[in-house]
Each structure stands twice: as C-alpha cells, then as structure tokens.
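Structure data (compact mmCIF, C-alpha atoms) from upload_22.txt:
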# COMPACT_ATOMS: atom_id res chain seq x y z
CA MET I 6 -111.98 -9.56 53.28
CA ALA I 7 -110.11 -8.49 50.24
CA LYS I 8 -106.87 -10.27 49.61
CA ILE I 9 -103.79 -8.17 49.06
CA LYS I 10 -102.65 -8.64 45.54
CA VAL I 11 -99.07 -9.68 45.20
CA PRO I 12 -97.52 -8.07 42.13
CA LYS I 13 -96.49 -10.63 39.59
CA SER I 14 -93.59 -8.78 38.05
CA ALA I 15 -90.03 -9.39 39.29
CA PRO I 16 -88.80 -6.78 41.74
CA SER I 17 -86.63 -4.29 40.00
CA LEU I 18 -84.17 -1.86 41.45
CA ASP I 19 -83.34 1.41 39.83
CA MET I 20 -79.63 1.16 39.27
CA THR I 21 -79.26 4.39 37.32
CA PRO I 22 -77.72 6.56 40.09
CA MET I 23 -75.24 3.84 40.97
CA VAL I 24 -74.24 3.40 37.35
CA ASP I 25 -73.91 7.15 36.97
CA LEU I 26 -71.59 7.27 39.92
CA ALA I 27 -69.56 4.30 38.72
CA PHE I 28 -69.02 5.92 35.35
CA LEU I 29 -68.16 9.23 36.93
CA LEU I 30 -65.47 7.55 38.98
CA VAL I 31 -64.20 5.56 36.02
CA THR I 32 -63.91 8.74 34.00
CA PHE I 33 -62.15 10.51 36.86
CA PHE I 34 -59.59 7.76 37.39
CA MET I 35 -59.04 7.31 33.69
CA LEU I 36 -58.35 10.99 33.16
CA THR I 37 -56.11 11.37 36.18
CA ALA I 38 -54.16 8.18 35.48
CA LYS I 39 -50.68 8.81 34.22
CA PHE I 40 -49.46 5.95 32.18
CA ARG I 41 -45.99 4.82 32.87
CA ASN I 42 -43.69 4.67 29.92
CA MET I 43 -42.42 1.27 28.96
CA GLU I 44 -39.27 0.70 30.91
CA PRO I 45 -36.36 -0.48 28.82
CA VAL I 46 -34.93 -2.46 31.70
CA GLU I 47 -36.38 -4.67 34.35
CA ALA I 48 -35.10 -4.03 37.83
CA ASN I 49 -36.87 -5.58 40.76
CA PRO I 50 -35.95 -3.46 43.77
CA PRO I 51 -35.45 -4.97 47.24
CA ALA I 52 -38.03 -4.60 50.00
CA SER I 53 -37.80 -2.25 52.94
CA THR I 54 -40.10 -1.00 55.68
CA SER I 55 -39.61 2.63 54.68
CA LEU I 56 -42.79 4.53 53.93
CA THR I 57 -41.22 7.54 52.25
CA GLN I 58 -42.75 8.08 48.84
CA LEU I 59 -40.82 8.73 45.70
CA PRO I 60 -40.48 12.52 45.52
CA GLU I 61 -42.21 14.48 42.79
CA ASN I 62 -39.21 16.06 41.13
CA VAL I 63 -36.80 13.26 40.75
CA MET I 64 -33.79 12.14 38.77
CA LEU I 65 -33.91 8.39 38.63
CA ILE I 66 -30.96 6.18 37.79
CA THR I 67 -31.76 2.53 37.25
CA VAL I 68 -29.04 -0.07 37.61
CA ASP I 69 -29.70 -3.58 36.38
CA THR I 70 -27.95 -6.80 37.40
CA ALA I 71 -25.33 -6.34 34.68
CA GLY I 72 -24.45 -2.92 36.08
CA ARG I 73 -25.86 -0.93 33.15
CA ALA I 74 -27.01 2.56 34.11
CA PHE I 75 -30.27 4.06 32.82
CA PHE I 76 -31.27 7.67 33.21
CA ASP I 77 -34.62 9.33 33.75
CA ILE I 78 -35.70 12.75 34.96
CA SER I 79 -39.19 14.09 35.61
CA GLY I 80 -40.71 17.17 34.01
CA LYS I 81 -41.27 17.87 30.33
CA GLY I 82 -39.73 21.33 30.47
CA THR I 83 -36.72 20.03 32.35
CA ARG I 84 -36.17 17.30 29.78
CA THR I 85 -36.30 19.68 26.84
CA LYS I 86 -33.83 22.03 28.49
CA LEU I 87 -31.65 19.09 29.48
CA LEU I 88 -31.35 17.87 25.91
CA GLU I 89 -30.56 21.39 24.70
CA ARG I 90 -27.76 21.61 27.24
CA MET I 91 -26.43 18.18 26.28
CA MET I 92 -26.39 19.25 22.62
CA VAL I 93 -24.14 22.15 23.57
CA ARG I 94 -21.85 19.80 25.48
CA TYR I 95 -21.76 17.23 22.69
CA PRO I 96 -21.85 19.33 19.49
CA GLY I 97 -21.09 16.28 17.36
CA VAL I 98 -24.46 14.71 18.12
CA LYS I 99 -27.37 16.08 16.12
CA PHE I 100 -31.02 15.90 17.14
CA ASN I 101 -33.86 17.11 14.96
CA GLN I 102 -36.90 18.91 16.35
CA ASP I 103 -39.00 15.78 16.22
CA GLN I 104 -36.47 13.90 18.32
CA ILE I 105 -36.28 16.69 20.88
CA ASP I 106 -40.07 16.63 21.20
CA GLN I 107 -40.08 12.89 21.65
CA PHE I 108 -37.29 13.01 24.19
CA SER I 109 -39.29 15.39 26.36
CA VAL I 110 -42.01 12.78 26.89
CA MET I 111 -39.85 9.68 26.80
CA GLY I 112 -39.09 7.66 29.91
CA THR I 113 -35.95 5.91 31.01
CA PHE I 114 -33.15 5.39 28.52
CA GLY I 115 -29.75 3.77 28.67
CA GLN I 116 -27.82 4.72 25.56
CA PRO I 117 -24.56 6.55 25.03
CA ILE I 118 -25.40 9.99 23.66
CA GLU I 119 -23.97 9.15 20.24
CA ALA I 120 -26.63 6.47 19.83
CA LEU I 121 -29.45 8.51 21.36
CA PRO I 122 -30.91 10.14 18.21
CA GLY I 123 -31.22 6.77 16.53
CA TYR I 124 -32.71 5.29 19.68
CA ILE I 125 -35.38 7.99 19.96
CA SER I 126 -36.45 7.48 16.36
CA ALA I 127 -36.47 3.68 16.61
CA GLU I 128 -39.76 1.96 17.30
CA GLY I 129 -41.12 -1.36 18.43
CA ASP I 130 -38.82 -4.32 18.01
CA ALA I 131 -35.89 -2.21 16.86
CA LYS I 132 -36.08 -0.18 20.05
CA GLU I 133 -36.28 -3.30 22.17
CA LYS I 134 -33.23 -4.68 20.45
CA LEU I 135 -31.31 -1.46 21.07
CA ASP I 136 -32.24 -1.66 24.75
CA LYS I 137 -31.14 -5.25 24.97
CA ASN I 138 -27.77 -4.67 23.32
CA SER I 139 -27.05 -1.39 25.03
CA LYS I 140 -24.21 -1.14 27.51
CA GLY I 141 -26.03 1.58 29.42
CA ILE I 142 -24.87 5.16 29.84
CA PRO I 143 -21.07 5.23 29.97
CA LEU I 144 -19.76 6.14 33.41
CA ASP I 145 -16.09 5.29 33.41
CA SER I 146 -13.57 8.03 34.05
CA LEU I 147 -12.55 8.42 30.39
CA ASN I 148 -16.06 8.91 29.07
CA ASN I 149 -18.26 9.83 31.98
CA GLN I 150 -21.51 10.76 30.23
CA LEU I 151 -23.57 9.93 33.30
CA ALA I 152 -21.84 12.72 35.21
CA ASP I 153 -22.78 15.13 32.39
CA TRP I 154 -26.40 13.99 32.43
CA ILE I 155 -26.50 14.46 36.20
CA ILE I 156 -25.02 17.93 36.29
CA GLU I 157 -26.92 19.18 33.24
CA GLY I 158 -30.09 17.58 34.57
CA TYR I 159 -29.74 19.55 37.76
CA ALA I 160 -29.03 22.76 35.87
CA ALA I 161 -31.99 22.17 33.55
CA PHE I 162 -34.26 21.53 36.52
CA VAL I 163 -33.27 24.77 38.24
CA GLU I 164 -33.65 26.71 34.97
CA ASP I 165 -37.08 25.24 34.37
CA ALA I 166 -38.18 25.85 37.95
CA GLN I 167 -37.15 29.50 37.76
CA ALA I 168 -38.89 29.88 34.42
CA ASN I 169 -42.03 28.60 36.14
CA GLY I 170 -41.69 31.16 38.91
CA MET I 171 -40.44 28.91 41.71
CA THR I 172 -38.61 30.77 44.43
CA MET I 173 -35.49 29.56 46.22
CA ASP I 174 -37.66 28.56 49.18
CA ASP I 175 -39.84 26.37 46.99
CA LEU I 176 -36.74 24.80 45.56
CA LYS I 177 -35.44 23.98 49.02
CA LYS I 178 -38.66 22.25 49.94
CA ASN I 179 -39.52 20.65 46.66
CA GLY I 180 -36.21 20.53 44.87
CA LEU I 181 -34.74 17.86 42.68
CA ARG I 182 -34.11 14.59 44.47
CA TYR I 183 -31.93 11.76 43.34
CA ALA I 184 -33.34 8.27 43.28
CA LEU I 185 -31.55 5.05 42.60
CA LYS I 186 -33.33 1.93 41.55
CA ALA I 187 -31.33 -1.24 41.45
CA ASP I 188 -32.25 -4.88 41.15
CA SER I 189 -32.02 -6.63 44.50
CA GLU I 190 -29.58 -9.18 43.07
CA THR I 191 -27.17 -6.56 41.75
CA ASP I 192 -23.65 -6.63 43.13
CA TYR I 193 -23.22 -3.66 45.42
CA GLU I 194 -20.03 -2.68 43.62
CA LYS I 195 -22.10 -1.75 40.55
CA VAL I 196 -24.43 0.44 42.53
CA GLN I 197 -21.47 2.00 44.26
CA LYS I 198 -19.99 3.02 40.91
CA VAL I 199 -23.10 5.08 40.17
CA VAL I 200 -23.13 6.50 43.70
CA ASP I 201 -19.49 7.51 43.27
CA VAL I 202 -20.35 9.48 40.12
CA PHE I 203 -22.91 11.41 42.17
CA ARG I 204 -20.46 11.88 45.02
CA SER I 205 -17.90 13.32 42.65
CA LYS I 206 -20.55 15.92 41.79
CA GLU I 207 -21.12 16.71 45.48
CA ILE I 208 -24.45 14.91 45.72
CA PHE I 209 -24.69 12.73 48.79
CA GLN I 210 -28.34 12.14 49.53
CA PHE I 211 -30.25 9.42 47.73
CA ASN I 212 -33.66 7.86 47.74
CA MET I 213 -33.25 4.18 47.10
CA VAL I 214 -36.37 2.80 45.42
CA THR I 215 -37.75 -0.15 47.37
CA ASN I 216 -40.85 -2.25 47.50
CA LEU I 217 -42.85 -2.16 50.67
CA LYS I 218 -42.27 -5.19 52.88
CA GLY I 219 -45.36 -7.22 53.78
CA SER I 220 -47.47 -5.46 56.37
CA GLY I 221 -47.16 -8.40 58.74
CA ASP I 222 -43.42 -8.05 58.79
CA ASN I 223 -43.77 -4.34 59.39
CA ALA I 224 -46.04 -4.87 62.39
CA ASP I 225 -43.48 -7.24 63.85
CA ALA I 226 -40.81 -4.64 63.48
CA LYS I 227 -42.86 -2.05 65.30
CA LEU I 228 -43.60 -4.41 68.15
CA THR I 229 -39.94 -5.17 68.64
CA ALA I 230 -38.94 -1.56 68.38
CA ASN I 231 -41.35 -0.64 71.14
CA MET Y 30 -86.62 2.98 14.61
CA ALA Y 31 -85.37 0.56 12.09
CA GLU Y 32 -88.14 -1.78 11.19
CA ILE Y 33 -88.58 -4.26 8.44
CA VAL Y 34 -91.89 -3.81 6.78
CA ASP Y 35 -93.25 -7.00 5.44
CA ALA Y 36 -94.87 -5.89 2.18
CA GLY Y 37 -95.76 -9.05 0.31
CA GLY Y 38 -97.87 -11.91 1.44
CA GLY Y 39 -99.79 -10.06 4.07
CA ASP Y 40 -102.89 -11.78 5.21
CA GLY Y 41 -104.66 -8.55 5.90
CA LYS Y 42 -105.10 -9.03 9.63
CA GLY Y 43 -103.89 -5.48 10.21
CA LYS Y 44 -100.86 -3.80 11.73
CA LYS Y 45 -99.04 -5.21 14.69
CA LYS Y 46 -99.76 -3.26 17.77
CA ALA Y 47 -96.81 -1.23 19.05
CA LYS Y 48 -95.85 -2.24 22.55
CA LYS Y 49 -96.92 0.19 25.20
CA THR Y 50 -94.42 -0.79 27.86
CA PRO Y 51 -91.30 1.44 28.00
CA ALA Y 52 -88.19 -0.05 26.42
CA ARG Y 53 -85.94 -1.73 28.94
CA ILE Y 54 -82.31 -2.51 28.32
CA ASP Y 55 -80.50 -4.97 30.49
CA MET Y 56 -77.71 -2.86 31.91
CA THR Y 57 -76.02 -5.58 33.97
CA PRO Y 58 -73.09 -6.28 31.60
CA MET Y 59 -72.41 -2.59 31.21
CA VAL Y 60 -72.42 -2.06 34.95
CA ASP Y 61 -70.14 -5.05 35.40
CA LEU Y 62 -67.71 -3.56 32.97
CA ALA Y 63 -67.88 -0.16 34.61
CA PHE Y 64 -67.04 -1.60 37.99
CA LEU Y 65 -64.27 -3.73 36.56
CA LEU Y 66 -62.67 -0.64 35.06
CA LEU Y 67 -63.24 1.28 38.25
CA THR Y 68 -61.50 -1.38 40.32
CA PHE Y 69 -58.60 -1.48 37.90
CA PHE Y 70 -58.01 2.25 37.90
CA VAL Y 71 -58.37 2.59 41.65
CA LEU Y 72 -55.83 -0.15 42.25
CA ALA Y 73 -53.46 1.07 39.56
CA ALA Y 74 -53.60 4.61 40.92
CA THR Y 75 -52.73 3.64 44.48
CA LEU Y 76 -50.09 1.07 43.64
CA ALA Y 77 -48.17 3.23 41.22
CA LYS Y 78 -46.07 5.26 43.65
CA PRO Y 79 -43.06 3.29 44.80
CA LYS Y 80 -41.55 3.72 48.23
CA THR Y 81 -38.02 4.85 48.82
CA LEU Y 82 -35.39 4.46 51.49
CA GLU Y 83 -33.22 7.48 52.13
CA ILE Y 84 -29.50 7.01 52.39
CA ILE Y 85 -26.97 9.75 52.91
CA TYR Y 86 -23.44 8.98 51.85
CA PRO Y 87 -20.48 10.73 53.41
CA LYS Y 88 -18.25 13.12 51.55
CA LYS Y 89 -15.15 11.54 50.18
CA ALA Y 90 -12.34 12.06 52.66
CA GLU Y 91 -9.29 13.54 50.96
CA ASP Y 92 -6.81 12.06 53.40
CA ASP Y 93 -6.70 10.57 56.87
CA THR Y 94 -6.58 13.89 58.68
CA THR Y 95 -10.04 14.91 57.46
CA LYS Y 96 -11.63 11.65 58.55
CA THR Y 97 -13.92 11.84 61.52
CA LYS Y 98 -12.39 10.58 64.70
CA VAL Y 99 -14.62 7.96 66.24
CA ASN Y 100 -14.86 6.25 69.55
CA PHE Y 101 -14.51 2.59 68.72
CA GLN Y 102 -16.12 1.46 71.94
CA LEU Y 103 -19.43 2.52 70.50
CA ALA Y 104 -18.84 0.84 67.17
CA THR Y 105 -20.47 -2.23 65.74
CA THR Y 106 -19.35 -3.39 62.34
CA LEU Y 107 -21.58 -5.37 60.05
CA LEU Y 108 -19.74 -7.42 57.46
CA LEU Y 109 -21.70 -8.36 54.36
CA GLY Y 110 -20.03 -11.16 52.47
CA GLU Y 111 -20.44 -12.39 48.91
CA LYS Y 112 -23.31 -14.74 49.58
CA GLU Y 113 -26.70 -13.64 50.69
CA ASN Y 114 -26.51 -15.40 54.04
CA GLU Y 115 -22.95 -14.35 54.88
CA ILE Y 116 -23.75 -11.67 57.40
CA PHE Y 117 -21.34 -11.21 60.30
CA TYR Y 118 -20.74 -8.61 62.93
CA TYR Y 119 -18.19 -7.66 65.54
CA SER Y 120 -18.00 -4.97 68.19
CA GLY Y 121 -15.31 -2.41 68.77
CA MET Y 122 -12.13 -2.10 66.79
CA TYR Y 123 -10.91 -4.86 64.49
CA LYS Y 124 -7.77 -6.71 65.49
CA PRO Y 125 -6.98 -9.42 62.93
CA ASP Y 126 -5.76 -11.96 65.50
CA SER Y 127 -8.15 -11.59 68.37
CA THR Y 128 -11.45 -10.16 67.12
CA GLU Y 129 -14.15 -12.78 66.95
CA ILE Y 130 -16.81 -12.32 64.28
CA TYR Y 131 -20.32 -13.67 64.76
CA LEU Y 132 -22.87 -14.86 62.27
CA THR Y 133 -26.20 -13.04 62.23
CA ASP Y 134 -29.15 -12.44 59.92
CA PHE Y 135 -31.84 -9.88 59.15
CA SER Y 136 -34.69 -11.72 60.83
CA LYS Y 137 -36.58 -10.40 63.83
CA ASP Y 138 -34.26 -12.11 66.30
CA GLY Y 139 -31.08 -11.50 64.38
CA PHE Y 140 -29.17 -8.29 64.04
CA ARG Y 141 -32.18 -6.24 65.08
CA LYS Y 142 -32.19 -7.74 68.56
CA ILE Y 143 -28.48 -7.14 69.01
CA MET Y 144 -28.79 -3.49 68.03
CA LEU Y 145 -31.92 -2.98 70.10
CA ASP Y 146 -29.94 -4.00 73.16
CA LYS Y 147 -26.95 -1.88 72.28
CA ASN Y 148 -29.07 1.11 71.43
CA GLU Y 149 -31.43 0.76 74.36
CA ARG Y 150 -30.82 4.20 75.81
CA VAL Y 151 -31.59 5.92 72.52
CA ASN Y 152 -34.58 3.70 71.85
CA SER Y 153 -36.22 4.38 75.21
CA ARG Y 154 -35.79 8.12 74.66
CA VAL Y 155 -37.26 7.81 71.16
CA ASN Y 156 -40.22 5.85 72.49
CA GLN Y 157 -40.85 8.53 75.11
CA LEU Y 158 -40.83 11.14 72.38
CA LYS Y 159 -43.18 9.07 70.24
CA GLN Y 160 -45.59 8.78 73.11
CA LEU Y 161 -45.49 12.52 73.71
CA LEU Y 162 -46.22 13.02 70.04
CA GLN Y 163 -49.11 10.60 70.11
CA GLU Y 164 -50.62 12.29 73.13
CA LYS Y 165 -50.21 15.57 71.24
CA LYS Y 166 -48.07 17.06 74.00
CA ILE Y 167 -45.41 18.19 71.56
CA PRO Y 168 -45.80 19.35 67.96
CA GLU Y 169 -44.40 17.37 65.04
CA SER Y 170 -41.60 19.84 64.37
CA GLN Y 171 -40.37 19.66 67.96
CA TYR Y 172 -40.51 15.89 67.79
CA GLU Y 173 -38.29 15.88 64.73
CA ASP Y 174 -35.76 18.23 66.32
CA GLU Y 175 -35.66 16.19 69.51
CA TYR Y 176 -35.42 12.96 67.56
CA LYS Y 177 -32.41 14.25 65.68
CA LYS Y 178 -30.79 15.30 68.93
CA VAL Y 179 -31.37 11.93 70.56
CA VAL Y 180 -30.17 9.75 67.71
CA GLY Y 181 -27.24 12.03 66.97
CA ASP Y 182 -26.04 11.97 70.58
CA SER Y 183 -22.27 11.67 70.85
CA LEU Y 184 -22.63 8.62 73.07
CA ALA Y 185 -25.10 6.85 70.80
CA PRO Y 186 -23.73 3.64 69.29
CA PHE Y 187 -22.88 3.69 65.62
CA VAL Y 188 -22.68 1.04 62.95
CA VAL Y 189 -20.32 0.61 60.04
CA VAL Y 190 -21.67 -1.51 57.20
CA LYS Y 191 -18.80 -3.04 55.27
CA THR Y 192 -19.22 -4.52 51.85
CA VAL Y 193 -17.17 -6.43 49.32
CA ASP Y 194 -17.54 -6.05 45.55
CA LYS Y 195 -19.94 -8.95 45.24
CA THR Y 196 -22.21 -8.06 48.16
CA LYS Y 197 -25.81 -8.21 47.07
CA TYR Y 198 -27.50 -4.82 46.91
CA LYS Y 199 -30.47 -6.38 48.71
CA ASN Y 200 -28.34 -7.01 51.79
CA VAL Y 201 -27.10 -3.42 51.90
CA ILE Y 202 -30.67 -2.10 51.74
CA ASN Y 203 -31.75 -4.62 54.37
CA ALA Y 204 -28.94 -3.50 56.66
CA ILE Y 205 -29.86 0.17 56.35
CA ASP Y 206 -33.52 -0.67 56.85
CA GLU Y 207 -32.73 -2.58 60.05
CA LEU Y 208 -30.69 0.35 61.32
CA ASN Y 209 -33.63 2.66 60.67
CA LEU Y 210 -35.89 0.37 62.66
CA VAL Y 211 -33.63 0.41 65.70
CA ASN Y 212 -32.99 4.16 65.44
CA VAL Y 213 -29.31 3.94 64.62
CA ARG Y 214 -28.79 7.05 62.52
CA LYS Y 215 -25.03 7.18 62.88
CA ARG Y 216 -23.80 4.79 60.29
CA ALA Y 217 -21.61 4.51 57.27
CA ILE Y 218 -21.15 2.21 54.32
CA GLN Y 219 -17.55 1.30 53.63
CA ASP Y 220 -15.44 -1.14 51.69
CA MET Y 221 -14.30 -4.14 53.66
CA ALA Y 222 -10.63 -4.33 54.58
CA GLU Y 223 -8.72 -7.30 53.19
CA THR Y 224 -8.14 -8.81 56.65
CA GLU Y 225 -11.85 -8.67 57.40
CA ALA Y 226 -12.74 -10.20 54.04
CA ILE Y 227 -10.42 -13.12 54.78
CA ALA Y 228 -11.98 -13.59 58.20
CA VAL Y 229 -15.45 -13.61 56.63
CA ARG Y 230 -14.44 -16.22 54.06
CA GLN Y 231 -12.84 -18.37 56.73
CA LYS Y 232 -15.80 -18.20 59.04
CA ALA Y 233 -18.20 -18.88 56.20
CA SER Y 234 -16.39 -22.05 55.17
CA GLU Y 235 -16.12 -23.12 58.80
CA LEU Y 236 -19.87 -22.84 59.17
CA LYS Y 237 -20.40 -24.36 55.71
CA LEU Y 238 -22.68 -21.50 54.72
CA ASP Y 239 -22.48 -22.16 51.01
CA LYS Y 240 -24.02 -25.60 51.44
CA LYS Y 241 -27.27 -24.17 52.70

Translate the structure described by the file into structure tokens.
Amino acid sequence: MAKIKVPKSAPSLDMTPMVDLAFLLVTFFMLTAKFRNMEPVEANPPASTSLTQLPENVMLITVDTAGRAFFDISGKGTRTKLLERMMVRYPGVKFNQDQIDQFSVMGTFGQPIEALPGYISAEGDAKEKLDKNSKGIPLDSLNNQLADWIIEGYAAFVEDAQANGMTMDDLKKNGLRYALKADSETDYEKVQKVVDVFRSKEIFQFNMVTNLKGSGDNADAKLTAN
Amino acid sequence: MAEIVDAGGGDGKGKKKAKKTPARIDMTPMVDLAFLLLTFFVLAATLAKPKTLEIIYPKKAEDDTTKTKVNFQLATTLLLGEKENEIFYYSGMYKPDSTEIYLTDFSKDGFRKIMLDKNERVNSRVNQLKQLLQEKKIPESQYEDEYKKVVGDSLAPFVVVKTVDKTKYKNVINAIDELNLVNVRKRAIQDMAETEAIAVRQKASELKLDKK
C-alpha cells in the first residue's frame, strides 16, 4: 500500500484578504477621524450617569479651577462670521486675513479680545505661555466680553445656518446648544458666574459635560430605581 | 532588480541559477502594525464624544411677587457645604430653631434611598410606563409625553439644591444626577441662606467631618 506523503513545507495561510480588510478599515478610520485641537486648559469634568451625547452644534465654555473662562464654538463658517461680528463690536482690535483664517479652525481660547490677534499668531511655547498667564475671557459687569461672545456666537450661528439653507424647523431640532465644562474641583460659585452671564442673555438650558460613571455603578442605579 | 555583478575573480563555473520559487515577503510585522493602528482609531473614534448632563436654570425672578409659590410640604432641601462630604438635607420649610438637618451622601444607600421613598408614587408610575414602552404597547413619543406629565405632577415632591460659594462643582453635578435617577424633575439650584450655612457649619463640626 502506498503511503500518503506528508508535505514537508510549513502550513501557510493566505492572509491577503484579511490584510486588505485591515488596511481598508485603517484608512477609513484615519480619514474619518477628526483630530481634537490642543486644549489650552485642562478641566477634568465630574462623572454622571447621563447618556446624552454632546450635541453637534455647540457653544462650549470651559471653566478651570481658577475660574477662568474659555470659549469655543463649533462650525468653521460660524467662527468666521463670529469673528467678523466681534470686529464690528470692538473696532479697536485689528485682525488680518491670516488670523481670521486661523481663528476659523482654532479650538478653545481664553484671551481678552485685545490680546486675541497676538494669541492667534503665537506658536508653540509662546502660545502655551499665553494660555498659562491668561486670566480667561473677562466676564465682570464692567467688561463683559463673554456676554458679547455668547450673543454674537448665537447670531453668527443663525446667520451661517440660514446661509446653508437650514429652515426654522431644522434650527429648532438641531439648533445651537450651550455646553459647560468645568473641572470637578471647581468652586460652584465660579461656574455660577458663567451661568449668570448666560441667564442675563435669556439662555437657561445647559449641557454640562461629564464623564460617564463606571458601568457597574450605573447598573446599581438602575436596580435601585426599579 | 538590483543585483551586484561580480566581475573580477570569477572561477568560470557559470551563472548562478535564478530561483524559481515565487518571492515571499514576511508580512507579519506589517499586519501587526495595521491592526495596532486599527485598534487605536476604533477606540479613539468611540471614546471621543463626551457625555453631557442637561440642566435647566430658572429665569431670574425680578422680585418676590414673580416667584413661584410652592407647597413646602413636598419640599426636600439638599444643603451642599464647603467640603466634599458636607452633604445635608432637611424636609419641609426651614425654621432656624427647630429644623433638624441630617447628614447624607451620594452613595447607593444615601440620598438616593431617601428620595426613592419620598418619590415612590412617581417612580412606580414611571416604571409602569417604562414597562409599557419595553413591551412596545406605547410609542416613544407617547412615553415622553406621559413621563413629563407624571414627573411634573403638582403633587410630586420637589428638591431644592442649595449651595455656598465654595461648594464643589462635582457635588452639584452629583446632586442633579441623583435627582435624575430617582425621577425628580422639579428642582432648583439656589444660594444657601445664611442661617442654613451656619447650621451646616455647626453640624459639620459636631460630626467632625473635616477630620475624615
């Protein structure tokens, strides 16, 4: 009887389709990934069991432990229009075209508007230093720049939305939301100051940015609630 | 392909035979890298969106006449002191001489339990609604309407969260989160009155909270 020959070579598996797929996915995730801008301030928000996600169109105010306020708003078009409006309100502050372009893609900032052009142009260590020494956006009653940013931000958002053909119904559903991100160790008084600026502009609803509490804790909560 | 031709010193044995087997490249490191990147991007993409807790603040009342009249029998007040563990509550209206304030916390058996008991009627209604929703007997929109009606009932208990300047933001968020869990939607955040702040300080030193 003839013996069955056992092949001597090591068994090999054709990995090509798997590798193809892996690279396809890598490419997909790489292209869809939106890189977060470097945040000038570190604020570690408290945890909650809420599952609501941060809305798409959002104005985000960050408050750090020292009570400094930082401003951010989503949308490139909105940001450009916002800066144009702020230039009308503060004619003494000059921005060049390059700075306006950079502002439209920049993230959070916490500078009084007088220092903003210099801040936009600064880079690397100089920018970090400006962030560190900044007192945040002024929000006291004599020089309430935060209130101006808020109201002009809203106006710029509506203008941009209408330019993009959004109807009033779309705006109702997917309008600008206001988010507040504060460090969990911040004194509440400092958060309240920012909230009061919003309240003086007739804005009462906020999304407080939180981390998700551990799932175990969440399950406990559900059990008790039932 | 790049090949170094050895010109000098040949011993005349003839050309080297080209290999017939197809060229194989070990792809393992490349695949490793691809999967590493894949894992990174997948995780980064899903972790990026932060969660938010919605809070609605009341309009600023111009004077006392525009303030909402409330039934204090339904009220529970949560007092958040300066320190993280200074969390007290009392029921009903505050009378500086007679109202007793109690220590509590945000654990499972703390404030949550107290409010679950107080809010039992609302909670049982909400659970009924949730069950109906799960069994697909009512649509989502109806559930939301009904939910609003139940939690906004005029006889539902309400909670006032009172803070001092130095209250930690974390505690305020925790308080609101707890209220969400026990379906207390009628609530407000206010500044603490001076008499209450004194009571909190007294109680805290009595219980030696700062030594913990």

Would you mind listing, for every residue of chain Y within 9 Å of chain I, the two atoms forming the shortest contact and the distance between them in Å to one decimal, using only C-alpha atoms, sorted by chain and ascending residue number, as a tab-separated table?
residue	atom	partner	partner_atom	distance
Y:Met56	CA	I:Met20	CA	8.6
Y:Met59	CA	I:Val24	CA	8.8
Y:Val60	CA	I:Val24	CA	6.2
Y:Ala63	CA	I:Phe28	CA	6.2
Y:Phe64	CA	I:Ala27	CA	6.5
Y:Leu66	CA	I:Val31	CA	6.5
Y:Leu67	CA	I:Val31	CA	4.9
Y:Thr68	CA	I:Val31	CA	8.6
Y:Phe70	CA	I:Phe34	CA	5.8
Y:Val71	CA	I:Phe34	CA	6.8
Y:Ala73	CA	I:Ala38	CA	8.2
Y:Ala74	CA	I:Ala38	CA	6.5
Y:Ala77	CA	I:Arg41	CA	8.8
Y:Lys78	CA	I:Leu59	CA	6.6
Y:Pro79	CA	I:Leu59	CA	6.0
Y:Lys80	CA	I:Gln58	CA	4.6
Y:Thr81	CA	I:Val214	CA	4.3
Y:Leu82	CA	I:Met213	CA	4.9
Y:Glu83	CA	I:Asn212	CA	4.4
Y:Ile84	CA	I:Phe211	CA	5.3
Y:Ile85	CA	I:Gln210	CA	4.4
Y:Tyr86	CA	I:Phe209	CA	5.0
Y:Pro87	CA	I:Phe209	CA	6.6
Y:Lys88	CA	I:Arg204	CA	7.0
Y:Lys89	CA	I:Arg204	CA	7.4
Y:Glu111	CA	I:Asp192	CA	8.8
Y:Lys137	CA	I:Ala226	CA	7.2
Y:Arg141	CA	I:Thr229	CA	8.6
Y:Lys142	CA	I:Thr229	CA	8.2
Y:Leu145	CA	I:Ala230	CA	7.4
Y:Asn152	CA	I:Ala230	CA	7.7
Y:Ser153	CA	I:Asn231	CA	8.3
Y:Asn156	CA	I:Asn231	CA	6.7
Y:Thr192	CA	I:Tyr193	CA	7.6
Y:Val193	CA	I:Glu194	CA	7.4
Y:Asp194	CA	I:Glu194	CA	4.6
Y:Lys195	CA	I:Asp192	CA	4.9
Y:Thr196	CA	I:Tyr193	CA	5.3
Y:Lys197	CA	I:Asp192	CA	4.8
Y:Tyr198	CA	I:Tyr193	CA	4.7
Y:Lys199	CA	I:Ser189	CA	4.5
Y:Asn200	CA	I:Ser189	CA	8.2
Y:Val201	CA	I:Tyr193	CA	7.6
Y:Ile202	CA	I:Pro51	CA	7.2
Y:Asn203	CA	I:Ser53	CA	6.7
Y:Ile205	CA	I:Ser53	CA	9.0
Y:Asp206	CA	I:Ser53	CA	6.0
Y:Glu207	CA	I:Thr54	CA	8.7
Y:Asn209	CA	I:Ser55	CA	8.5
Y:Leu210	CA	I:Ala230	CA	6.8
Y:Val211	CA	I:Ala230	CA	6.3
Y:Asn212	CA	I:Ala230	CA	8.8

query = In Å to one decimal, how far is atom CA of Thr105 of chain Y from atom CA of Val151 of chain Y?
reply = 15.4 Å

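Between atom CA of Tyr119 of chain Y and atom CA of Gly181 of chain Y lies a distance of 21.7 Å.
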
Separation of atom CA of Gln104 of chain I from atom CA of Asn179 of chain I, in Å and rounded to one decimal =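 Interatomic distance, atom CA of Gln104 of chain I to atom CA of Asn179 of chain I: 29.3 Å.
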
message = Which residue is closest to Arg230 of chain Y? Choose from Y:Val190, Y:Leu162, Y:Leu103, Y:Leu109 and count only C-alpha atoms.
response =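 Looking at the shortest contact to Arg230 of chain Y, the residue is Y:Leu109.
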
ask   = Which one of Y:Leu158, Y:Ala52, Y:Leu236, Y:Ala228 sits closest to Ile130 of chain Y if you count only C-alpha atoms?
value =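 For Ile130 of chain Y, the nearest of the candidates is Y:Ala228.
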
What are the centre and the three edge lengths of an axis-aligned box that wraps all atoms of segment 175-184 of chain I in the file, given that 8 Å is added to every side, written as AutoDock Vina command-line options and rounded to one decimal in Å?
--center_x -35.9 --center_y 17.3 --center_z 46.3 --size_x 23.9 --size_y 34.1 --size_z 23.3
